[in-house]
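Enquirer: File name final13.csv; file contents CSV, C-alpha atoms and all ligand atoms; full text below.
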```
chain,number,residue,atom,x,y,z
A,1,MET,CA,-7.3,48.4,-85.5
A,2,ALA,CA,-5.5,45.8,-83.5
A,3,PRO,CA,-4.4,42.7,-85.5
A,4,ALA,CA,-7.3,40.1,-85.2
A,5,SER,CA,-5.0,37.7,-83.4
A,6,ARG,CA,-4.4,40.1,-80.5
A,7,ILE,CA,-6.2,38.7,-77.5
A,8,ALA,CA,-7.3,41.0,-74.7
A,9,VAL,CA,-8.3,39.4,-71.3
A,10,VAL,CA,-10.6,41.5,-69.1
A,11,THR,CA,-11.4,40.5,-65.6
A,12,GLY,CA,-14.6,41.6,-63.9
A,13,ALA,CA,-16.2,41.9,-67.3
A,14,SER,CA,-19.7,41.2,-66.1
A,15,SER,CA,-20.6,44.8,-65.4
A,16,GLY,CA,-19.4,48.4,-65.0
A,17,ILE,CA,-15.9,49.3,-66.1
A,18,GLY,CA,-15.0,45.8,-67.0
A,19,ALA,CA,-18.0,45.3,-69.3
A,20,ALA,CA,-17.4,48.7,-71.0
A,21,THR,CA,-13.7,48.0,-71.4
A,22,ALA,CA,-14.4,44.6,-73.0
A,23,ARG,CA,-16.9,46.2,-75.4
A,24,GLN,CA,-14.5,49.0,-76.4
A,25,LEU,CA,-11.5,46.7,-76.8
A,26,ALA,CA,-13.6,44.5,-79.1
A,27,GLU,CA,-14.6,47.5,-81.1
A,28,ALA,CA,-10.9,48.5,-81.3
A,29,GLY,CA,-10.3,45.1,-83.0
A,30,TYR,CA,-9.1,42.8,-80.2
A,31,ARG,CA,-10.3,39.3,-79.7
A,32,VAL,CA,-11.7,39.8,-76.2
A,33,VAL,CA,-11.9,37.2,-73.5
A,34,LEU,CA,-14.5,38.2,-70.9
A,35,THR,CA,-13.9,36.8,-67.4
A,36,ALA,CA,-16.0,37.1,-64.3
A,37,ARG,CA,-17.7,34.9,-61.7
A,38,ARG,CA,-21.2,35.6,-63.2
A,39,LYS,CA,-21.3,33.3,-66.3
A,40,ASP,CA,-24.7,34.3,-67.6
A,41,ARG,CA,-23.7,38.0,-67.8
A,42,ILE,CA,-20.4,37.5,-69.6
A,43,GLU,CA,-21.9,35.0,-72.0
A,44,ALA,CA,-24.7,37.5,-72.8
A,45,LEU,CA,-22.2,40.3,-73.5
A,46,ALA,CA,-19.9,38.0,-75.5
A,47,GLU,CA,-22.9,36.9,-77.7
A,48,GLN,CA,-24.0,40.5,-78.1
A,49,LEU,CA,-20.4,41.5,-79.3
A,50,THR,CA,-20.2,38.5,-81.6
A,51,ARG,CA,-23.5,39.3,-83.2
A,52,ALA,CA,-22.2,42.8,-83.8
A,53,GLY,CA,-19.3,41.3,-85.8
A,54,HIS,CA,-16.7,41.4,-83.0
A,55,SER,CA,-14.6,38.6,-81.6
A,56,ALA,CA,-15.5,37.8,-78.0
A,57,VAL,CA,-15.7,34.7,-75.7
A,58,ALA,CA,-16.7,34.3,-72.1
A,59,TYR,CA,-14.8,32.3,-69.5
A,60,GLN,CA,-16.1,31.9,-66.0
A,61,LEU,CA,-13.3,32.8,-63.5
A,62,ASP,CA,-12.9,33.7,-59.9
A,63,VAL,CA,-9.6,35.7,-59.9
A,64,THR,CA,-8.9,34.7,-56.3
A,65,ASP,CA,-8.9,31.0,-57.2
A,66,ARG,CA,-5.2,30.4,-58.2
A,67,ALA,CA,-5.8,26.9,-59.5
A,68,ALA,CA,-8.6,28.1,-61.8
A,69,VAL,CA,-6.5,31.0,-63.0
A,70,ASP,CA,-3.6,28.7,-63.8
A,71,GLU,CA,-6.0,26.4,-65.7
A,72,PHE,CA,-7.4,29.4,-67.6
A,73,ALA,CA,-3.9,30.4,-68.6
A,74,THR,CA,-3.2,27.1,-70.3
A,75,ALA,CA,-5.8,27.9,-72.9
A,76,PHE,CA,-3.5,30.5,-74.5
A,77,GLN,CA,0.0,30.6,-76.1
A,78,THR,CA,0.2,34.3,-76.3
A,79,ILE,CA,-1.9,37.2,-75.0
A,80,GLY,CA,-1.7,40.8,-76.0
A,81,VAL,CA,-3.5,42.6,-73.2
A,82,LEU,CA,-4.5,41.8,-69.7
A,83,VAL,CA,-6.9,44.3,-68.0
A,84,ASN,CA,-7.0,43.6,-64.2
A,85,ASN,CA,-10.3,45.2,-63.4
A,86,ALA,CA,-11.9,42.8,-61.0
A,87,GLY,CA,-12.2,44.2,-57.5
A,88,GLY,CA,-14.4,46.5,-55.5
A,89,ALA,CA,-15.2,47.9,-52.1
A,90,LEU,CA,-16.9,46.5,-49.1
A,91,GLY,CA,-18.1,48.8,-46.3
A,92,ALA,CA,-17.2,52.4,-45.4
A,93,ASP,CA,-16.5,51.8,-41.7
A,94,PRO,CA,-13.8,53.6,-39.7
A,95,VAL,CA,-10.6,51.6,-39.1
A,96,ALA,CA,-11.6,51.3,-35.5
A,97,THR,CA,-14.7,49.3,-36.3
A,98,GLY,CA,-14.2,47.9,-39.8
A,99,ASP,CA,-14.8,44.2,-40.3
A,100,PRO,CA,-11.5,42.3,-40.8
A,101,ALA,CA,-13.3,39.8,-43.1
A,102,ASP,CA,-14.2,42.7,-45.4
A,103,TRP,CA,-10.6,43.9,-45.4
A,104,ARG,CA,-9.4,40.4,-46.2
A,105,THR,CA,-11.9,40.0,-49.1
A,106,MET,CA,-10.9,43.3,-50.6
A,107,TYR,CA,-7.2,42.4,-50.4
A,108,GLU,CA,-7.9,39.1,-52.0
A,109,THR,CA,-9.9,40.5,-54.9
A,110,ASN,CA,-8.1,43.8,-55.6
A,111,VAL,CA,-4.5,42.7,-54.9
A,112,ILE,CA,-4.2,38.9,-55.0
A,113,GLY,CA,-6.6,38.6,-57.9
A,114,THR,CA,-4.4,41.0,-59.9
A,115,LEU,CA,-1.3,39.1,-58.7
A,116,ASN,CA,-2.8,35.7,-59.8
A,117,LEU,CA,-3.7,36.8,-63.3
A,118,THR,CA,-0.5,38.8,-63.7
A,119,GLN,CA,1.7,35.8,-62.7
A,120,ALA,CA,-0.2,33.3,-64.7
A,121,LEU,CA,-0.3,35.3,-67.9
A,122,LEU,CA,3.0,37.2,-67.8
A,123,PRO,CA,4.9,34.5,-69.8
A,124,ARG,CA,2.1,34.7,-72.5
A,125,LEU,CA,2.3,38.5,-72.6
A,126,VAL,CA,6.1,38.3,-73.0
A,127,ALA,CA,5.6,35.7,-75.7
A,128,SER,CA,3.4,38.1,-77.7
A,129,GLY,CA,6.4,40.3,-78.2
A,130,ASP,CA,4.2,43.4,-77.3
A,131,GLY,CA,2.2,42.8,-74.2
A,132,VAL,CA,0.2,45.2,-72.0
A,133,ILE,CA,-0.9,44.8,-68.4
A,134,VAL,CA,-3.4,47.3,-67.1
A,135,VAL,CA,-4.1,47.6,-63.4
A,136,VAL,CA,-7.4,49.4,-62.8
A,137,SER,CA,-6.6,50.9,-59.3
A,138,SER,CA,-8.4,53.9,-58.0
A,139,THR,CA,-7.8,57.4,-56.6
A,140,ALA,CA,-8.2,55.4,-53.3
A,141,GLY,CA,-4.8,53.9,-54.2
A,142,HIS,CA,-3.2,57.4,-54.1
A,143,GLY,CA,-4.7,59.1,-51.1
A,144,THR,CA,-6.9,58.2,-48.2
A,145,TYR,CA,-10.3,59.3,-46.9
A,146,GLU,CA,-12.3,58.7,-43.7
A,147,GLY,CA,-14.2,55.5,-44.0
A,148,GLY,CA,-12.0,54.4,-46.9
A,149,GLY,CA,-10.3,51.8,-44.6
A,150,GLY,CA,-9.8,48.4,-46.2
A,151,TYR,CA,-10.5,49.6,-49.7
A,152,VAL,CA,-7.9,52.4,-49.6
A,153,ALA,CA,-5.4,49.9,-48.2
A,154,ALA,CA,-6.2,47.3,-50.9
A,155,LYS,CA,-6.0,49.9,-53.7
A,156,HIS,CA,-2.7,51.2,-52.4
A,157,GLY,CA,-1.6,47.5,-52.7
A,158,ALA,CA,-2.7,47.3,-56.3
A,159,HIS,CA,-0.8,50.6,-57.1
A,160,VAL,CA,2.4,49.3,-55.5
A,161,LEU,CA,2.0,46.0,-57.4
A,162,ALA,CA,1.9,47.9,-60.7
A,163,GLU,CA,4.8,50.2,-59.8
A,164,THR,CA,7.0,47.3,-58.6
A,165,LEU,CA,6.2,45.1,-61.6
A,166,ARG,CA,7.1,47.9,-64.0
A,167,LEU,CA,10.6,48.2,-62.4
A,168,GLU,CA,11.1,44.5,-62.4
A,169,ILE,CA,10.2,43.7,-66.0
A,170,VAL,CA,11.8,46.7,-67.7
A,171,GLY,CA,13.6,45.4,-70.8
A,172,GLN,CA,10.9,42.9,-71.5
A,173,PRO,CA,8.3,43.7,-74.2
A,174,VAL,CA,5.4,44.3,-71.7
A,175,ARG,CA,4.0,47.7,-70.7
A,176,VAL,CA,2.5,48.2,-67.2
A,177,ILE,CA,-0.2,50.8,-67.2
A,178,GLU,CA,-2.2,51.9,-64.1
A,179,ILE,CA,-5.5,53.7,-64.5
A,180,ALA,CA,-6.8,55.3,-61.3
A,181,PRO,CA,-10.4,56.5,-61.6
A,182,GLY,CA,-12.1,58.7,-59.0
A,183,MET,CA,-15.8,58.9,-58.7
A,184,VAL,CA,-17.4,56.6,-61.3
A,185,LYS,CA,-21.1,56.0,-61.2
A,186,THR,CA,-21.8,52.4,-62.1
A,187,ASP,CA,-24.7,50.1,-61.5
A,188,GLU,CA,-23.0,48.1,-58.7
A,189,PHE,CA,-19.9,49.7,-57.1
A,190,ALA,CA,-21.6,51.7,-54.4
A,191,LEU,CA,-24.5,49.2,-54.0
A,192,THR,CA,-21.9,46.4,-53.4
A,193,ARG,CA,-20.0,48.6,-51.0
A,194,PHE,CA,-23.1,49.3,-48.9
A,195,ALA,CA,-24.5,45.7,-49.1
A,196,GLY,CA,-27.4,46.5,-51.3
A,197,ASP,CA,-28.5,49.6,-49.3
A,198,GLU,CA,-29.8,51.8,-52.2
A,199,ALA,CA,-30.2,55.0,-50.1
A,200,LYS,CA,-26.6,54.8,-48.9
A,201,ALA,CA,-25.4,54.1,-52.4
A,202,ALA,CA,-27.3,57.0,-53.9
A,203,LYS,CA,-25.8,59.4,-51.3
A,204,VAL,CA,-22.3,58.8,-52.8
A,205,TYR,CA,-23.3,60.6,-56.0
A,206,GLU,CA,-25.9,63.0,-54.4
A,207,GLY,CA,-25.7,66.4,-56.1
A,208,VAL,CA,-22.7,65.5,-58.2
A,209,ALA,CA,-23.6,66.9,-61.7
A,210,GLU,CA,-21.7,64.3,-63.7
A,211,PRO,CA,-19.8,61.5,-62.1
A,212,LEU,CA,-17.6,59.6,-64.5
A,213,THR,CA,-19.2,56.7,-66.3
A,214,ALA,CA,-17.9,53.2,-67.0
A,215,ASP,CA,-17.5,54.3,-70.6
A,216,ASP,CA,-15.4,57.3,-69.7
A,217,VAL,CA,-12.9,54.9,-67.9
A,218,ALA,CA,-13.1,52.3,-70.6
A,219,GLU,CA,-12.2,54.9,-73.2
A,220,THR,CA,-9.2,56.0,-71.2
A,221,ILE,CA,-8.1,52.3,-70.8
A,222,THR,CA,-8.5,51.7,-74.5
A,223,TRP,CA,-6.6,54.9,-75.4
A,224,ALA,CA,-3.7,53.9,-73.1
A,225,VAL,CA,-3.5,50.4,-74.4
A,226,THR,CA,-3.6,51.5,-78.0
A,227,ARG,CA,-0.6,53.9,-77.8
A,228,PRO,CA,2.4,52.8,-79.8
A,229,SER,CA,4.4,50.0,-78.1
A,230,HIS,CA,7.2,52.3,-76.9
A,231,VAL,CA,4.7,54.6,-75.1
A,232,ASN,CA,4.0,53.5,-71.5
A,233,VAL,CA,1.3,55.5,-69.8
A,234,ASP,CA,2.6,54.7,-66.3
A,235,LEU,CA,-0.3,56.2,-64.3
A,236,LEU,CA,-3.4,58.1,-65.4
A,237,VAL,CA,-5.7,59.6,-62.7
A,238,LEU,CA,-9.1,60.6,-63.9
A,239,ARG,CA,-11.9,62.2,-61.9
A,240,PRO,CA,-15.1,64.0,-62.7
A,241,ARG,CA,-14.7,67.8,-63.0
A,242,ALA,CA,-16.8,68.1,-59.8
A,243,GLN,CA,-14.3,66.1,-57.8
A,244,ALA,CA,-11.1,68.0,-56.9
A,245,SER,CA,-9.8,65.3,-54.5
A,246,ASN,CA,-10.9,62.2,-52.6
A,247,THR,CA,-12.5,64.5,-50.0
A,248,LYS,CA,-13.4,67.7,-52.0
A,249,VAL,CA,-16.5,67.1,-54.1
A,250,HIS,CA,-18.8,69.8,-55.4
A,251,ARG,CA,-22.4,68.9,-54.8
A,252,GLU,CA,-25.3,71.0,-56.2
A,253,PRO,CA,-27.9,71.7,-53.4
B,1,LIG,C1,-13.6,54.4,-56.3
B,1,LIG,C2,-13.2,55.7,-55.9
B,1,LIG,O1,-13.6,57.4,-54.0
B,1,LIG,O2,-15.1,55.5,-54.0
B,1,LIG,O3,-12.5,53.6,-56.7
B,1,LIG,O4,-12.8,55.3,-53.3
B,1,LIG,S1,-13.7,56.0,-54.2
```
Could you render the structure from this file as structure tokens?

Expert:
Amino acid sequence: MAPASRIAVVTGASSGIGAATARQLAEAGYRVVLTARRKDRIEALAEQLTRAGHSAVAYQLDVTDRAAVDEFATAFQTIGVLVNNAGGALGADPVATGDPADWRTMYETNVIGTLNLTQALLPRLVASGDGVIVVVSSTAGHGTYEGGGGYVAAKHGAHVLAETLRLEIVGQPVRVIEIAPGMVKTDEFALTRFAGDEAKAAKVYEGVAEPLTADDVAETITWAVTRPSHVNVDLLVLRPRAQASNTKVHREP
């Protein structure tokens, strides 16, 4: 169990990997702060966790709004864990025809959002004497695929942010952990990518026996975070067994 005073901030906690991570960190004993743009969702989850005897609060936050992030940071003196999970994909167009506005939005959410939270909370993570920053990147941050376009570029950015930060703050009491999931079937990831087109979203997982779940990833994040303070899981790539690479997926007929 984490000491009750240990605060864990999770971004993008309204659904999917973020919501599952908030739940699992609360169950592991952290005081969880759920952040997302969708207030109703994080409030409902925070209430649910509180009713189950855990410590959880909701704070509406857009990670791309630096002034709001700075204001959020003033609410804390120390923080134990920051999970940078907010992000996502928009579109699967080739580079030749991808929408620059989508590329910009993906860079803003996946990279600048992570940068904003990391910069604003780093002093509080250091002050805790034993801080952890998690960057939830993706296998898209470690290899490309056709149609990956702006998402692959943004996730490479998130990966580089984590790797650079780890070099720069070595010697300070903060671990930097990157978790890079492959194919994860969540309620919203593919649907958001394809602007609500259910048929296109379903095709992503078609014939794949068991894509990863949000809980599989949350369990991995929680495991990495709860290693002893001197153990830094630099990078952990996880995929479903049916996915050997970004472009090699076994699909049952
Ligand atoms: C999600 C993995 O393959 O859709 O981060 O890019 S993929």

Enquirer: Which of these residues is nearest to ligand LIG 1 (chain B), using all atoms listed in the file: A:Glu198, A:Glu252, A:Asp62, A:Glu146?

Expert: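 Nearest candidate to ligand LIG 1 (chain B) out of A:Glu198, A:Glu252, A:Asp62, A:Glu146: A:Glu146.
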
Enquirer: Which residue out of A:Val63, A:Ala28, A:Ala92, A:Ala58 has the minimum interatomic distance to ligand LIG 1 (chain B) when only C-alpha atoms and all ligand atoms are used?

Expert: A:Ala92

Enquirer: Do a neighbour search on Arg41 of chain A at 12 Å with only C-alpha atoms, toss out local chain neighbours closer than 6 positions, and write the hits as a PyMOL selection string.

Expert: chain A and resi 12-16+18-19+34-35+47-48+57-60

Enquirer: Kindly provide, as number ranges by chain, all nucleotide and amino acid residues lying within 6 Å of ligand LIG 1 (chain B), counting only C-alpha atoms and all ligand atoms.

Expert: A: 138-140, 182-183, 246

Enquirer: With all atoms listed in the file counted and 12 Å as the cut-off, give the residues of segment 6-73 of chain A in contact with segment 103-126 of chain A, each with its shortest interatomic distance in Å and the pair that gives it, as a Markdown table.

Expert:
```
| residue | atom | partner | partner_atom | distance |
| --- | --- | --- | --- | --- |
| A:Arg6 | CA | A:Leu125 | CA | 10.5 |
| A:Ile7 | CA | A:Leu125 | CA | 9.8 |
| A:Ala8 | CA | A:Leu125 | CA | 10.1 |
| A:Val9 | CA | A:Leu117 | CA | 9.6 |
| A:Val10 | CA | A:Leu117 | CA | 10.2 |
| A:Thr11 | CA | A:Leu117 | CA | 8.8 |
| A:Gly12 | CA | A:Thr109 | CA | 10.2 |
| A:Thr35 | CA | A:Leu117 | CA | 11.0 |
| A:Ala36 | CA | A:Gly113 | CA | 11.5 |
| A:Arg37 | CA | A:Thr109 | CA | 11.8 |
| A:Leu61 | CA | A:Leu117 | CA | 10.4 |
| A:Asp62 | CA | A:Gly113 | CA | 8.2 |
| A:Val63 | CA | A:Gly113 | CA | 4.6 |
| A:Thr64 | CA | A:Gly113 | CA | 4.8 |
| A:Asp65 | CA | A:Gly113 | CA | 8.0 |
| A:Arg66 | CA | A:Asn116 | CA | 6.0 |
| A:Ala67 | CA | A:Asn116 | CA | 9.3 |
| A:Ala68 | CA | A:Asn116 | CA | 9.8 |
| A:Val69 | CA | A:Leu117 | CA | 6.4 |
| A:Asp70 | CA | A:Ala120 | CA | 5.8 |
| A:Glu71 | CA | A:Ala120 | CA | 9.1 |
| A:Phe72 | CA | A:Ala120 | CA | 8.7 |
| A:Ala73 | CA | A:Ala120 | CA | 6.1 |
```

Enquirer: List the spatial neighbours of Asp216 of chain A as a PyMOL selection string - criterion: any atom at most 12 Å away, only C-alpha atoms, same-chain residues fewer than 2 positions off excluded.

Expert: chain A and resi 16-18+20-21+24+179+181-186+210-214+218-223+238-240

Enquirer: Those same residues - C-alpha atoms - I'd like them written as an mmCIF file, in the frame of the given file.

Expert:
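Listed below is the output, part_37.cif:
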```
data_model
loop_
_atom_site.group_PDB
_atom_site.id
_atom_site.type_symbol
_atom_site.label_atom_id
_atom_site.label_comp_id
_atom_site.auth_asym_id
_atom_site.auth_seq_id
_atom_site.Cartn_x
_atom_site.Cartn_y
_atom_site.Cartn_z
ATOM 1 C CA GLY A 16 -19.400 48.400 -65.000
ATOM 2 C CA ILE A 17 -15.900 49.300 -66.100
ATOM 3 C CA GLY A 18 -15.000 45.800 -67.000
ATOM 4 C CA ALA A 20 -17.400 48.700 -71.000
ATOM 5 C CA THR A 21 -13.700 48.000 -71.400
ATOM 6 C CA GLN A 24 -14.500 49.000 -76.400
ATOM 7 C CA ILE A 179 -5.500 53.700 -64.500
ATOM 8 C CA PRO A 181 -10.400 56.500 -61.600
ATOM 9 C CA GLY A 182 -12.100 58.700 -59.000
ATOM 10 C CA MET A 183 -15.800 58.900 -58.700
ATOM 11 C CA VAL A 184 -17.400 56.600 -61.300
ATOM 12 C CA LYS A 185 -21.100 56.000 -61.200
ATOM 13 C CA THR A 186 -21.800 52.400 -62.100
ATOM 14 C CA GLU A 210 -21.700 64.300 -63.700
ATOM 15 C CA PRO A 211 -19.800 61.500 -62.100
ATOM 16 C CA LEU A 212 -17.600 59.600 -64.500
ATOM 17 C CA THR A 213 -19.200 56.700 -66.300
ATOM 18 C CA ALA A 214 -17.900 53.200 -67.000
ATOM 19 C CA ALA A 218 -13.100 52.300 -70.600
ATOM 20 C CA GLU A 219 -12.200 54.900 -73.200
ATOM 21 C CA THR A 220 -9.200 56.000 -71.200
ATOM 22 C CA ILE A 221 -8.100 52.300 -70.800
ATOM 23 C CA THR A 222 -8.500 51.700 -74.500
ATOM 24 C CA TRP A 223 -6.600 54.900 -75.400
ATOM 25 C CA LEU A 238 -9.100 60.600 -63.900
ATOM 26 C CA ARG A 239 -11.900 62.200 -61.900
ATOM 27 C CA PRO A 240 -15.100 64.000 -62.700
#
```

Enquirer: Considering only C-alpha atoms, can you say which of A:His54, A:Arg227, A:His250, A:Arg241 comes closest to Glu206 of chain A?

Expert: A:His250

Enquirer: Work out how far apart atom CA of Val135 of chain A and atom CA of Pro94 of chain A are and give it in Å to one decimal.

Expert: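 Between these atoms lies a distance of 26.3 Å.
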
Enquirer: From the options A:Leu167, A:Val95, A:Leu191, A:Ile177, which residue's atoms come nearest to Gly148 of chain A, counting all atoms listed in the file?

Expert: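 Going through A:Leu167, A:Val95, A:Leu191, A:Ile177 one by one, the smallest distance to Gly148 of chain A is for A:Val95.
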
Enquirer: Fix up segment 134-153 of chain A with N, CA, C and O atoms, then write it as a PDB file, keeping the file's coordinate frame.

Expert:
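Result file is result_33.pdb:
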```pdb
ATOM      1  N   VAL A 134      -2.775  46.094 -67.710  1.00  0.00           N
ATOM      2  CA  VAL A 134      -3.400  47.300 -67.100  1.00  0.00           C
ATOM      3  C   VAL A 134      -3.888  46.897 -65.719  1.00  0.00           C
ATOM      4  O   VAL A 134      -4.486  45.840 -65.510  1.00  0.00           O
ATOM      5  N   VAL A 135      -3.579  47.757 -64.776  1.00  0.00           N
ATOM      6  CA  VAL A 135      -4.100  47.600 -63.400  1.00  0.00           C
ATOM      7  C   VAL A 135      -5.104  48.754 -63.229  1.00  0.00           C
ATOM      8  O   VAL A 135      -4.734  49.931 -63.288  1.00  0.00           O
ATOM      9  N   VAL A 136      -6.370  48.390 -63.047  1.00  0.00           N
ATOM     10  CA  VAL A 136      -7.400  49.400 -62.800  1.00  0.00           C
ATOM     11  C   VAL A 136      -7.365  49.604 -61.240  1.00  0.00           C
ATOM     12  O   VAL A 136      -7.913  48.781 -60.504  1.00  0.00           O
ATOM     13  N   SER A 137      -6.664  50.630 -60.794  1.00  0.00           N
ATOM     14  CA  SER A 137      -6.600  50.900 -59.300  1.00  0.00           C
ATOM     15  C   SER A 137      -7.719  51.849 -58.990  1.00  0.00           C
ATOM     16  O   SER A 137      -8.890  51.590 -59.277  1.00  0.00           O
ATOM     17  N   SER A 138      -7.372  52.964 -58.434  1.00  0.00           N
ATOM     18  CA  SER A 138      -8.400  53.900 -58.000  1.00  0.00           C
ATOM     19  C   SER A 138      -7.652  55.122 -57.433  1.00  0.00           C
ATOM     20  O   SER A 138      -6.487  55.011 -57.027  1.00  0.00           O
ATOM     21  N   THR A 139      -8.359  56.245 -57.320  1.00  0.00           N
ATOM     22  CA  THR A 139      -7.800  57.400 -56.600  1.00  0.00           C
ATOM     23  C   THR A 139      -7.629  56.962 -55.099  1.00  0.00           C
ATOM     24  O   THR A 139      -6.832  57.563 -54.382  1.00  0.00           O
ATOM     25  N   ALA A 140      -8.359  55.918 -54.693  1.00  0.00           N
ATOM     26  CA  ALA A 140      -8.200  55.400 -53.300  1.00  0.00           C
ATOM     27  C   ALA A 140      -6.834  54.705 -53.167  1.00  0.00           C
ATOM     28  O   ALA A 140      -6.428  54.379 -52.054  1.00  0.00           O
ATOM     29  N   GLY A 141      -6.124  54.497 -54.277  1.00  0.00           N
ATOM     30  CA  GLY A 141      -4.800  53.900 -54.200  1.00  0.00           C
ATOM     31  C   GLY A 141      -3.710  55.007 -54.113  1.00  0.00           C
ATOM     32  O   GLY A 141      -2.505  54.714 -54.112  1.00  0.00           O
ATOM     33  N   HIS A 142      -4.158  56.273 -54.049  1.00  0.00           N
ATOM     34  CA  HIS A 142      -3.200  57.400 -54.100  1.00  0.00           C
ATOM     35  C   HIS A 142      -3.426  58.410 -53.002  1.00  0.00           C
ATOM     36  O   HIS A 142      -2.755  59.437 -52.961  1.00  0.00           O
ATOM     37  N   GLY A 143      -4.407  58.165 -52.169  1.00  0.00           N
ATOM     38  CA  GLY A 143      -4.700  59.100 -51.100  1.00  0.00           C
ATOM     39  C   GLY A 143      -5.799  58.422 -50.258  1.00  0.00           C
ATOM     40  O   GLY A 143      -6.519  57.564 -50.776  1.00  0.00           O
ATOM     41  N   THR A 144      -5.919  58.840 -49.004  1.00  0.00           N
ATOM     42  CA  THR A 144      -6.900  58.200 -48.200  1.00  0.00           C
ATOM     43  C   THR A 144      -8.123  59.067 -47.941  1.00  0.00           C
ATOM     44  O   THR A 144      -8.142  60.230 -48.351  1.00  0.00           O
ATOM     45  N   TYR A 145      -9.129  58.537 -47.327  1.00  0.00           N
ATOM     46  CA  TYR A 145     -10.300  59.300 -46.900  1.00  0.00           C
ATOM     47  C   TYR A 145     -10.948  58.585 -45.724  1.00  0.00           C
ATOM     48  O   TYR A 145     -10.818  57.363 -45.613  1.00  0.00           O
ATOM     49  N   GLU A 146     -11.636  59.334 -44.868  1.00  0.00           N
ATOM     50  CA  GLU A 146     -12.300  58.700 -43.700  1.00  0.00           C
ATOM     51  C   GLU A 146     -13.321  57.689 -44.193  1.00  0.00           C
ATOM     52  O   GLU A 146     -14.119  57.995 -45.075  1.00  0.00           O
ATOM     53  N   GLY A 147     -13.271  56.506 -43.631  1.00  0.00           N
ATOM     54  CA  GLY A 147     -14.200  55.500 -44.000  1.00  0.00           C
ATOM     55  C   GLY A 147     -13.686  54.663 -45.226  1.00  0.00           C
ATOM     56  O   GLY A 147     -14.300  53.705 -45.652  1.00  0.00           O
ATOM     57  N   GLY A 148     -12.542  55.086 -45.762  1.00  0.00           N
ATOM     58  CA  GLY A 148     -12.000  54.400 -46.900  1.00  0.00           C
ATOM     59  C   GLY A 148     -11.396  53.021 -46.482  1.00  0.00           C
ATOM     60  O   GLY A 148     -11.467  52.032 -47.190  1.00  0.00           O
ATOM     61  N   GLY A 149     -10.825  53.014 -45.289  1.00  0.00           N
ATOM     62  CA  GLY A 149     -10.300  51.800 -44.600  1.00  0.00           C
ATOM     63  C   GLY A 149      -9.705  50.762 -45.516  1.00  0.00           C
ATOM     64  O   GLY A 149      -8.697  50.973 -46.192  1.00  0.00           O
ATOM     65  N   GLY A 150     -10.317  49.599 -45.516  1.00  0.00           N
ATOM     66  CA  GLY A 150      -9.800  48.400 -46.200  1.00  0.00           C
ATOM     67  C   GLY A 150      -9.665  48.609 -47.707  1.00  0.00           C
ATOM     68  O   GLY A 150      -8.787  48.025 -48.357  1.00  0.00           O
ATOM     69  N   TYR A 151     -10.550  49.423 -48.274  1.00  0.00           N
ATOM     70  CA  TYR A 151     -10.500  49.600 -49.700  1.00  0.00           C
ATOM     71  C   TYR A 151      -9.294  50.469 -50.102  1.00  0.00           C
ATOM     72  O   TYR A 151      -8.571  50.146 -51.052  1.00  0.00           O
ATOM     73  N   VAL A 152      -9.061  51.518 -49.328  1.00  0.00           N
ATOM     74  CA  VAL A 152      -7.900  52.400 -49.600  1.00  0.00           C
ATOM     75  C   VAL A 152      -6.606  51.540 -49.409  1.00  0.00           C
ATOM     76  O   VAL A 152      -5.687  51.637 -50.229  1.00  0.00           O
ATOM     77  N   ALA A 153      -6.580  50.699 -48.396  1.00  0.00           N
ATOM     78  CA  ALA A 153      -5.400  49.900 -48.200  1.00  0.00           C
ATOM     79  C   ALA A 153      -5.189  48.910 -49.359  1.00  0.00           C
ATOM     80  O   ALA A 153      -4.073  48.756 -49.866  1.00  0.00           O
TER      81      ALA A 153
END
```
